[in-house]
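*Asks:* My structure is in upload.txt, and what it holds is compact mmCIF, C-alpha atoms:
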```txt
# COMPACT_ATOMS: atom_id res chain seq x y z
CA MET O 183 0.00 0.00 0.00
CA ARG O 184 1.36 3.43 -0.96
CA ARG O 185 1.86 5.68 2.01
CA LEU O 186 -0.31 8.81 2.19
CA THR O 187 1.50 12.01 3.09
CA GLY O 188 0.72 15.70 3.40
CA PRO O 189 -2.58 17.49 4.04
CA LEU O 190 -4.80 14.75 2.58
CA ALA O 191 -3.58 12.17 5.07
CA LEU O 192 -3.96 14.61 7.96
CA VAL O 193 -7.46 15.72 7.01
CA THR O 194 -8.49 12.08 6.75
CA ALA O 195 -6.93 11.46 10.15
CA LEU O 196 -8.82 14.34 11.73
CA ALA O 197 -12.19 13.26 10.36
CA ALA O 198 -11.71 9.75 11.73
CA GLY O 199 -10.23 10.86 15.04
CA LEU O 200 -13.14 13.11 15.95
CA ALA O 201 -15.46 10.14 15.70
CA ILE O 202 -13.21 8.00 17.87
CA GLY O 203 -12.10 10.24 20.72
CA CYS O 204 -15.06 12.49 21.43
CA SER O 205 -17.65 14.67 19.77
CA ALA O 206 -16.61 17.38 17.32
CA ALA O 207 -18.04 19.98 19.72
CA LEU O 208 -15.79 18.84 22.56
CA ALA O 209 -12.78 18.86 20.24
CA GLN O 210 -13.58 22.43 19.21
CA GLU O 211 -13.57 23.45 22.88
CA SER O 212 -9.92 22.46 23.18
CA ARG O 213 -7.59 25.40 23.67
CA ARG O 214 -6.04 25.22 20.21
CA GLY O 215 -8.64 23.22 18.31
CA PRO O 216 -8.39 20.46 15.67
CA LEU O 217 -6.46 22.44 13.05
CA ALA O 218 -3.64 23.19 15.46
CA ALA O 219 -3.56 19.52 16.40
CA LEU O 220 -3.21 18.61 12.73
CA THR O 221 -0.31 20.99 12.28
CA LYS O 222 1.53 19.61 15.29
CA LEU O 223 0.87 15.98 14.35
CA GLY O 224 2.18 16.55 10.83
CA LYS O 225 5.62 17.40 12.23
CA LEU O 226 5.88 14.13 14.18
CA ASN O 227 6.11 11.69 11.24
CA PRO O 228 2.79 9.92 11.84
CA PRO O 229 2.07 6.60 10.08
CA PRO O 230 -0.40 6.82 7.16
CA ASP O 231 -3.35 5.57 9.22
CA ALA O 232 -2.65 7.77 12.28
CA ARG O 233 -5.71 9.40 13.80
CA ILE O 234 -6.02 12.12 16.41
CA VAL O 235 -7.96 10.87 19.44
CA PHE O 236 -9.35 13.70 21.59
CA SER O 237 -9.96 13.21 25.28
CA PRO O 238 -13.50 12.08 26.17
CA VAL O 239 -13.19 13.91 29.52
CA ARG O 240 -13.49 17.71 29.67
CA ASP O 241 -11.26 18.27 32.71
CA SER O 242 -8.54 15.80 31.75
CA LYS O 243 -4.93 16.98 31.53
CA ILE O 244 -4.74 15.21 28.18
CA GLU O 245 -6.16 17.08 25.19
CA TRP O 246 -5.39 14.53 22.49
CA ALA O 247 -3.17 11.57 21.66
CA ALA O 248 -1.90 9.99 18.45
CA PHE O 249 0.60 7.43 17.20
CA VAL O 250 3.72 8.98 15.65
CA GLN O 251 7.20 8.17 14.31
CA ALA O 252 6.40 5.77 11.48
CA THR O 253 8.68 2.76 11.00
CA ASP O 254 8.86 -0.27 8.72
CA ARG O 255 11.03 -2.39 11.02
CA TYR O 256 8.21 -4.89 11.72
CA ALA O 257 6.89 -6.17 8.39
CA HIS O 258 3.87 -8.05 9.71
CA GLY O 259 1.27 -6.00 7.83
CA VAL O 260 -1.72 -7.25 9.82
CA LEU O 261 -3.45 -3.85 9.46
CA GLY O 262 -2.97 -3.57 5.70
CA ASP O 263 0.61 -2.34 5.32
CA ALA O 264 4.01 -2.81 6.92
CA ILE O 265 4.26 0.71 8.36
CA GLU O 266 3.62 0.98 12.10
CA ALA O 267 4.22 3.61 14.78
CA SER O 268 7.17 3.59 17.15
CA GLY O 269 5.94 6.47 19.32
CA ILE O 270 2.96 7.98 21.11
CA ALA O 271 2.48 11.76 21.33
CA VAL O 272 0.16 13.36 23.88
CA GLN O 273 -0.84 17.01 23.86
CA LEU O 274 -1.63 18.40 27.31
CA ARG O 275 -4.03 21.27 27.90
CA GLY O 276 -1.26 23.49 29.23
CA ASN O 277 0.44 23.45 25.80
CA GLU O 278 2.97 20.78 26.83
CA LEU O 279 3.61 17.98 24.33
CA VAL O 280 4.94 14.73 25.77
CA SER O 281 5.90 11.57 23.92
CA VAL O 282 7.46 8.15 24.29
CA GLN O 283 9.37 6.23 21.62
CA LEU O 284 10.22 2.54 21.39
CA ASN O 285 13.66 1.32 20.32
CA ARG O 286 12.71 -2.16 19.05
CA ASP O 287 8.97 -2.71 19.58
CA VAL O 288 6.24 -1.06 17.53
CA TYR O 289 2.64 -0.03 18.16
CA GLU O 290 0.73 -2.37 15.86
CA ASP O 291 -2.39 -0.31 16.31
CA ILE O 292 -4.42 2.59 14.88
CA ASP O 293 -6.01 4.54 17.76
CA PRO O 294 -4.60 5.07 21.26
CA ARG O 295 -7.47 4.35 23.70
CA LEU O 296 -7.92 7.09 26.31
CA VAL O 297 -9.63 5.49 29.30
CA GLN O 298 -9.87 5.87 33.07
CA LEU O 299 -8.76 2.54 34.50
CA ASP O 300 -8.70 3.45 38.21
CA ALA O 301 -10.73 6.53 39.14
CA ASP O 302 -10.14 6.05 42.88
CA ARG O 303 -6.34 5.86 42.79
CA ASP O 304 -5.66 7.88 39.65
CA PRO O 305 -8.21 10.43 38.37
CA GLY O 306 -6.31 10.85 35.10
CA LEU O 307 -6.62 8.97 31.84
CA GLU O 308 -4.52 5.97 30.91
CA ILE O 309 -3.60 5.06 27.34
CA VAL O 310 -4.23 1.46 26.21
CA VAL O 311 -2.31 0.32 23.12
CA LEU O 312 -1.30 -2.77 21.18
CA GLN O 313 2.48 -3.15 21.42
CA SER O 314 4.34 -5.76 19.37
CA LYS O 315 7.83 -7.19 19.63
CA PRO O 316 9.51 -8.42 16.43
CA SER O 317 10.64 -11.62 18.15
CA GLY O 318 7.62 -12.14 20.40
CA GLY O 319 4.42 -10.89 18.76
CA GLY O 320 1.72 -8.76 20.32
CA SER O 321 0.78 -7.59 23.80
CA VAL O 322 -1.46 -5.00 25.48
CA ALA O 323 0.31 -2.13 27.22
CA VAL O 324 -1.01 0.61 29.50
CA TYR O 325 0.74 3.99 29.57
CA GLY O 326 0.16 6.81 32.03
CA LEU O 327 1.05 10.45 32.49
CA LEU O 328 3.46 11.00 35.40
CA GLU O 329 4.72 14.31 36.79
CA ASN O 330 8.41 15.13 37.04
CA ASP O 331 10.00 17.06 39.94
CA ASP O 332 10.07 20.25 37.87
CA GLY O 333 6.34 20.09 37.10
CA THR O 334 6.72 18.79 33.55
CA HIS O 335 5.28 15.42 32.56
CA ARG O 336 6.39 12.15 30.99
CA LEU O 337 4.66 9.13 29.49
CA SER O 338 5.57 5.86 31.19
CA ARG O 339 4.49 2.27 30.67
CA LEU O 340 2.51 1.25 33.76
CA ALA O 341 1.56 -2.34 32.92
CA GLN O 342 1.76 -4.84 30.08
CA THR O 343 0.53 -8.33 29.29
CA PRO O 344 3.11 -10.96 28.28
CA TYR O 345 4.00 -11.00 24.59
CA ILE O 346 2.25 -13.83 22.75
CA GLY O 347 5.66 -15.43 22.29
CA THR O 348 5.80 -15.95 18.52
CA PRO O 349 6.68 -13.39 15.82
CA ASN O 350 3.82 -12.14 13.63
CA ARG O 351 1.16 -13.05 16.17
CA TRP O 352 -1.23 -10.25 17.11
CA LEU O 353 -4.16 -9.48 19.41
CA ASN O 354 -6.99 -6.92 19.33
CA VAL O 355 -8.85 -5.13 22.10
CA ALA O 356 -12.53 -6.12 22.31
CA GLY O 357 -13.66 -3.90 25.18
CA ILE O 358 -12.68 -2.12 28.39
CA ALA O 359 -15.05 -2.16 31.38
CA ASP O 360 -15.57 -3.56 34.88
CA TYR O 361 -17.00 -6.81 33.52
CA ASP O 362 -17.21 -8.67 36.84
CA GLY O 363 -18.38 -5.80 39.06
CA ASP O 364 -15.46 -5.95 41.52
CA GLY O 365 -14.64 -2.26 41.10
CA ARG O 366 -11.59 -2.92 38.90
CA MET O 367 -11.47 -2.55 35.13
CA GLU O 368 -10.77 -5.37 32.72
CA ILE O 369 -9.31 -5.08 29.23
CA ALA O 370 -10.88 -7.71 26.99
CA VAL O 371 -8.78 -8.85 24.03
CA VAL O 372 -8.88 -11.56 21.39
CA GLU O 373 -5.45 -13.13 21.07
CA THR O 374 -4.61 -14.41 17.55
CA PRO O 375 -8.04 -13.52 16.09
CA HIS O 376 -7.06 -14.99 12.70
CA ILE O 377 -6.11 -18.46 13.97
CA GLY O 378 -8.54 -19.82 16.56
CA GLY O 379 -8.69 -16.69 18.68
CA GLU O 380 -8.87 -16.77 22.46
CA LEU O 381 -10.96 -14.16 24.28
CA GLN O 382 -9.05 -12.97 27.37
CA PHE O 383 -9.98 -10.59 30.20
CA TRP O 384 -7.02 -8.80 31.78
CA ARG O 385 -7.74 -7.04 35.09
CA TYR O 386 -5.88 -3.79 35.72
CA ILE O 387 -4.38 -3.65 39.22
CA THR O 388 -2.96 -0.30 40.32
CA GLY O 389 0.27 -0.63 42.31
CA ASP O 390 1.24 1.41 45.37
CA ASP O 391 3.70 2.91 42.93
CA MET O 392 1.99 3.58 39.59
CA LEU O 393 4.95 1.97 37.83
CA ALA O 394 4.26 -1.25 39.77
CA SER O 395 0.76 -1.64 38.30
CA ARG O 396 -0.01 -4.88 36.50
CA LEU O 397 -2.48 -6.75 34.31
CA ASP O 398 -3.74 -10.09 35.70
CA LEU O 399 -5.57 -12.66 33.59
CA ALA O 400 -9.12 -12.92 34.97
CA GLY O 401 -10.60 -15.39 32.48
CA ALA O 402 -10.27 -16.80 28.97
CA ARG O 403 -12.25 -18.77 26.40
CA ARG O 404 -11.37 -19.92 22.88
CA GLY O 405 -13.33 -19.58 19.65
CA PHE O 406 -13.52 -15.85 18.85
CA SER O 407 -12.33 -13.37 16.19
CA ASN O 408 -12.71 -9.57 16.17
CA HIS O 409 -10.55 -8.76 13.15
CA ALA O 410 -10.09 -9.76 9.49
CA ILE O 411 -6.45 -9.85 8.48
CA GLY O 412 -5.40 -6.77 6.51
CA SER O 413 -8.39 -4.71 7.69
CA ARG O 414 -8.22 -1.40 9.52
CA ASP O 415 -11.58 -2.10 11.22
CA LEU O 416 -10.76 -2.95 14.84
CA ALA O 417 -14.20 -2.43 16.45
CA LEU O 418 -15.76 -5.83 15.75
CA SER O 419 -17.25 -6.06 19.25
CA ALA O 420 -19.51 -4.18 21.64
CA THR O 421 -19.96 -3.81 25.40
CA LEU O 422 -23.44 -3.46 26.90
CA ASP O 423 -25.53 -4.80 29.78
CA TRP O 424 -27.40 -7.32 27.63
CA ASN O 425 -29.06 -9.42 30.33
CA GLY O 426 -29.96 -6.53 32.65
CA ASP O 427 -27.97 -7.71 35.68
CA GLY O 428 -26.22 -4.34 36.06
CA LEU O 429 -22.87 -5.58 34.72
CA PRO O 430 -21.37 -5.04 31.26
CA ASP O 431 -21.48 -7.98 28.85
CA LEU O 432 -19.38 -8.42 25.72
CA VAL O 433 -20.57 -9.19 22.18
CA VAL O 434 -17.86 -10.76 19.98
CA PRO O 435 -17.92 -12.69 16.67
CA THR O 436 -17.16 -16.39 16.61
CA ALA O 437 -13.87 -17.65 15.15
CA ASN O 438 -15.18 -17.65 11.55
CA ARG O 439 -16.95 -14.30 12.08
CA LYS O 440 -20.23 -15.84 10.86
CA GLY O 441 -21.76 -15.95 14.31
CA LEU O 442 -21.96 -13.85 17.48
CA LYS O 443 -21.59 -14.75 21.12
CA VAL O 444 -22.59 -12.68 24.14
CA VAL O 445 -20.40 -13.47 27.14
CA THR O 446 -20.24 -12.39 30.77
CA LEU O 447 -17.54 -12.41 33.43
CA ALA O 448 -20.10 -11.84 36.21
CA ASP O 449 -19.35 -15.04 38.14
CA GLY O 450 -15.60 -14.81 37.77
CA ASP O 451 -15.35 -16.95 34.65
CA VAL O 452 -16.12 -16.39 30.96
CA GLU O 453 -19.65 -17.73 30.42
CA GLU O 454 -21.85 -17.61 27.34
CA LEU O 455 -25.21 -15.82 27.65
CA GLY O 456 -26.36 -16.21 24.04
CA SER O 457 -25.22 -17.15 20.55
CA PHE O 458 -26.50 -16.15 17.13
CA ASP O 459 -26.02 -17.45 13.59
CA LEU O 460 -25.47 -14.49 11.27
CA GLY O 461 -25.84 -16.31 7.96
CA ALA O 462 -22.87 -14.35 6.54
CA GLU O 463 -19.48 -13.05 7.62
CA VAL O 464 -19.13 -9.81 9.57
CA ALA O 465 -18.13 -7.02 7.18
CA GLY O 466 -16.81 -4.29 9.47
CA ASN O 467 -17.10 -2.29 12.67
CA PHE O 468 -20.10 -2.74 14.93
CA LYS O 469 -22.48 0.16 15.39
CA ALA O 470 -23.21 0.51 19.09
CA GLY O 471 -26.16 2.68 20.12
CA PRO O 472 -29.59 1.89 21.51
CA ARG O 473 -28.97 -1.52 19.95
CA VAL O 474 -25.92 -3.24 18.49
CA GLU O 475 -25.93 -3.45 14.68
CA VAL O 476 -23.47 -5.60 12.74
CA PRO O 477 -22.80 -5.11 8.99
CA LEU O 478 -22.60 -8.35 7.03
CA LYS O 479 -20.86 -9.22 3.77
CA ASN O 480 -24.18 -10.19 2.14
CA GLY O 481 -25.27 -6.55 2.39
CA SER O 482 -27.65 -7.00 5.31
CA THR O 483 -27.34 -5.86 8.93
CA PHE O 484 -27.78 -8.00 12.00
CA ALA O 485 -29.46 -6.33 14.98
CA LEU O 486 -28.71 -7.93 18.33
CA PRO O 487 -32.05 -9.09 19.81
CA SER O 488 -33.14 -8.19 23.30
CA TYR O 489 -32.20 -10.61 26.03
CA ALA O 490 -34.62 -13.45 26.65
CA LYS O 491 -34.46 -14.92 30.14
CA PRO O 492 -33.44 -18.60 30.13
CA LYS O 493 -36.23 -21.07 30.68
CA ARG O 494 -36.24 -22.58 34.13
CA TYR O 495 -36.89 -26.26 34.59
CA PRO O 496 -37.96 -28.21 37.69
CA VAL O 497 -35.17 -28.55 40.23
CA PRO O 498 -33.87 -32.14 40.26
CA LYS O 499 -33.79 -34.06 43.50
CA SER O 500 -30.06 -33.46 43.74
CA GLY O 501 -30.84 -29.81 44.38
CA HIS O 502 -29.02 -28.61 41.26
CA GLU O 503 -30.82 -26.35 38.83
CA THR O 504 -30.56 -26.75 35.05
CA ARG O 505 -31.27 -24.03 32.55
CA GLY O 506 -32.02 -23.80 28.86
CA ARG O 507 -31.05 -20.92 26.54
CA ASP O 508 -33.26 -19.13 24.05
CA GLU O 509 -31.44 -18.30 20.84
CA GLY O 510 -32.48 -16.43 17.72
CA HIS O 511 -31.43 -13.91 15.13
CA LEU O 512 -32.85 -11.04 13.12
CA LEU O 513 -31.62 -9.73 9.78
CA LEU O 514 -32.49 -6.20 8.72
CA ASN O 515 -32.05 -5.47 5.03
CA ARG O 516 -31.02 -1.92 4.24
```
Here is a file; write its structure as structure tokens.

*Replies:*
Amino acid sequence: MRRLTGPLALVTALAAGLAIGCSAALAQESRRGPLAALTKLGKLNPPPDARIVFSPVRDSKIEWAAFVQATDRYAHGVLGDAIEASGIAVQLRGNELVSVQLNRDVYEDIDPRLVQLDADRDPGLEIVVLQSKPSGGGSVAVYGLLENDDGTHRLSRLAQTPYIGTPNRWLNVAGIADYDGDGRMEIAVVETPHIGGELQFWRYITGDDMLASRLDLAGARRGFSNHAIGSRDLALSATLDWNGDGLPDLVVPTANRKGLKVVTLADGDVEELGSFDLGAEVAGNFKAGPRVEVPLKNGSTFALPSYAKPKRYPVPKSGHETRGRDEGHLLLNR
């Protein structure tokens, strides 16, 4: 793929970034605005698919973030070309620009995710990214903004999952939420979504020292895929409280992307709440709103049905209860 450069690439980046990070109105409220962000980003050698992600929080120190410093040292090409980022740049609201750059790894990713992983211990935003090692494949890393003694700031890696362990193996974030209701956030990922993907939930644990934070595996289950190789669509999943128990659930395609599964971590393990046959392969990013809509390659759209409570059967003499599951699907032709 030929690399885009100049104003066209930056205008495309801005249009996409506004939809990812926050509303256009909130971006316009930033001290310098989107056009100034474009100008600054253009000087930082962004990769061709770089997008400006504005903070979703009005009073955050972070104004926007983006991947920068393009490199071709990791020729995996899982996102459509062999050019990845080796740095992250973060613009702060006080006009300070901070960045971090990797020496060997790359960010095999498109959008830095600005999220609040621990509101009690750290009111600021963390940055969740996909970081790959040429000899070890992908991982999930969490970066945070730390203050220096002189009042300036730096970006530091706070926590990271183990690398997959094999070159050219990748993983994709499926969702970030408190999926089990214990007050701590989990980062859901699908590891190796192109070859029998495993859905994993990594719980973020804040250390007494922020640099001692960690990601612990809270649960895993095989048979999922939230990415088609070579695609730039990374949002093939959705988080919502599907069964109405007050906890977020996760909707993810099956391994062949021709089905959907709704899973929960409510009881401390990955359990299936519902499954749906789509009749065709998922075509792109999910649309999450009042209901989850999934574009399909046959031109139709699948709308996730409302939750139907499982049927309850008579309790056996052993005292154990068995349950059945209602399943169904609905195709909406556009």

*Asks:* Could you give me, as a VMD selection string, the residues within 7 Å of Gly405 in chain O, counting all atoms listed in the file and dropping anything in the same chain fewer than 2 positions from it?

*Replies:* chain O and resid 378 to 380 403 436 to 437

*Asks:* Since we have the selection now, will you write its residues out, keeping C-alpha atoms, as a compact mmCIF listing (two decimals), in the frame of the given file?

*Replies:*
```
# COMPACT_ATOMS: atom_id res chain seq x y z
CA GLY O 378 -8.54 -19.82 16.56
CA GLY O 379 -8.69 -16.69 18.68
CA GLU O 380 -8.87 -16.77 22.46
CA ARG O 403 -12.25 -18.77 26.40
CA THR O 436 -17.16 -16.39 16.61
CA ALA O 437 -13.87 -17.65 15.15
```

*Asks:* Tell me which protein, DNA and RNA residues are within 7 Å of Ser281 in chain O, counting all atoms listed in the file, leaving out same-chain ones fewer than 3 positions away, and put them as a ChimeraX atom specification.

*Replies:* /O:269-272,337

*Asks:* Using CA of Leu340 in chain O and CA of Arg404 in chain O as the two end points, give the distance in Å to one decimal.

*Replies:*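 Distance between the two atoms: 27.6 Å.
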
*Asks:* For the atom pair CA of Thr348 in chain O and CA of Arg255 in chain O, what is the interatomic distance in Å to one decimal place?

*Replies:*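 One can read the CA of Thr348 in chain O to CA of Arg255 in chain O distance as 16.4 Å.
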
*Asks:* Which residues are close to range 406-418 of chain O, i.e. within 10 Å by all atoms listed in the file, leaving aside same-chain residues fewer than 3 positions away? Reply as a short mmCIF file (atom, residue, chain, number, x, y, z; two decimals) with C-alpha atoms, in the coordinates of the input.

*Replies:*
```
data_model
loop_
_atom_site.label_atom_id
_atom_site.label_comp_id
_atom_site.auth_asym_id
_atom_site.auth_seq_id
_atom_site.Cartn_x
_atom_site.Cartn_y
_atom_site.Cartn_z
CA ASP O 231 -3.35 5.57 9.22
CA HIS O 258 3.87 -8.05 9.71
CA GLY O 259 1.27 -6.00 7.83
CA VAL O 260 -1.72 -7.25 9.82
CA LEU O 261 -3.45 -3.85 9.46
CA GLY O 262 -2.97 -3.57 5.70
CA ASP O 263 0.61 -2.34 5.32
CA ASP O 291 -2.39 -0.31 16.31
CA ILE O 292 -4.42 2.59 14.88
CA ASP O 293 -6.01 4.54 17.76
CA LEU O 353 -4.16 -9.48 19.41
CA ASN O 354 -6.99 -6.92 19.33
CA VAL O 355 -8.85 -5.13 22.10
CA ALA O 356 -12.53 -6.12 22.31
CA GLY O 357 -13.66 -3.90 25.18
CA VAL O 371 -8.78 -8.85 24.03
CA VAL O 372 -8.88 -11.56 21.39
CA GLU O 373 -5.45 -13.13 21.07
CA THR O 374 -4.61 -14.41 17.55
CA PRO O 375 -8.04 -13.52 16.09
CA HIS O 376 -7.06 -14.99 12.70
CA ILE O 377 -6.11 -18.46 13.97
CA GLY O 378 -8.54 -19.82 16.56
CA GLY O 379 -8.69 -16.69 18.68
CA GLU O 380 -8.87 -16.77 22.46
CA LEU O 381 -10.96 -14.16 24.28
CA ARG O 403 -12.25 -18.77 26.40
CA VAL O 433 -20.57 -9.19 22.18
CA VAL O 434 -17.86 -10.76 19.98
CA PRO O 435 -17.92 -12.69 16.67
CA THR O 436 -17.16 -16.39 16.61
CA ALA O 437 -13.87 -17.65 15.15
CA ASN O 438 -15.18 -17.65 11.55
CA ARG O 439 -16.95 -14.30 12.08
CA LYS O 440 -20.23 -15.84 10.86
CA GLY O 441 -21.76 -15.95 14.31
CA LEU O 442 -21.96 -13.85 17.48
CA LYS O 443 -21.59 -14.75 21.12
CA VAL O 464 -19.13 -9.81 9.57
CA ALA O 465 -18.13 -7.02 7.18
CA GLY O 466 -16.81 -4.29 9.47
CA ASN O 467 -17.10 -2.29 12.67
CA PHE O 468 -20.10 -2.74 14.93
CA LYS O 469 -22.48 0.16 15.39
CA ALA O 470 -23.21 0.51 19.09
CA VAL O 476 -23.47 -5.60 12.74
CA PRO O 477 -22.80 -5.11 8.99
#
```

*Asks:* Any idea what the distance is between CA of Arg339 in chain O and CA of Leu397 in chain O?

*Replies:*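 It comes out at 12.0 Å.
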
*Asks:* Find the residue from O:Lys243, O:Arg366, O:Arg351, O:Arg295 that sits nearest to Tyr325 in chain O; use all atoms listed in the file when measuring.

*Replies:*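 So, comparing all the options, the nearest one is O:Arg295.
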
*Asks:* Around the point (-11.2, -0.7, 33.2) (coordinates from the file), which residues reach within 10 Å if we count all atoms listed in the file? Answer as a list in words.

*Replies:*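 Here the neighbourhood of the point contains Val297, Gln298, Leu299, Asp300, Ala301, Glu308, Gly357, Ile358, Ala359, Asp360, Tyr361, Gly365, Arg366, Met367, Glu368, Ile369, Ala370, Trp384, Arg385, Tyr386 and Ile387 of chain O.
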
*Asks:* Using all atoms listed in the file, which residues sit within 8 Å of Pro430 in chain O once same-chain residues fewer than 2 positions away are excluded, as a list of chain:residue names?

*Replies:* O:Ala359, O:Asp360, O:Tyr361, O:Asp362, O:Thr421, O:Leu422, O:Asp423, O:Trp424, O:Gly428, O:Leu432, O:Thr446

*Asks:* Identify the residues around (5.1, 10.1, 35.4) within a radius of 12 Å, measuring from all atoms listed in the file in the coordinates stated by the file, and give them as a ChimeraX atom specification.

*Replies:* /O:280-282,304,306,308,325-340,391-393

*Asks:* For the interface of range 293-409 of chain O with range 451-461 of chain O (cut-off 8 Å, counting all atoms listed in the file), please tabulate each contacting residue of range 293-409 of chain O alongside its nearest pair of atoms and their separation in Å to one decimal, rows sorted by chain and increasing number, as a tab-separated table.

*Replies:*
```
residue	atom	partner	partner_atom	distance
O:Ala400	CA	O:Asp451	CA	7.4
O:Gly401	CA	O:Asp451	CA	5.5
O:Ala402	CA	O:Val452	CA	6.2
O:Arg403	CA	O:Val452	CA	6.4
```

*Asks:* In terms of the shortest atom-to-atom distance over all atoms listed in the file, which of O:Ala462, O:Ala252, O:Leu307, O:Asp431 is closest to Leu478 in chain O?

*Replies:*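 Closest candidate: O:Ala462.
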
*Asks:* What are the centre and edge lengths in Å, to one decimal, of the axis-aligned box around all listed atoms of range 475-479 of chain O with 4 Å added on each side, as AutoDock Vina command-line options?

*Replies:*
```
--center_x -23.4 --center_y -6.3 --center_z 9.2 --size_x 13.1 --size_y 13.8 --size_z 18.9
```
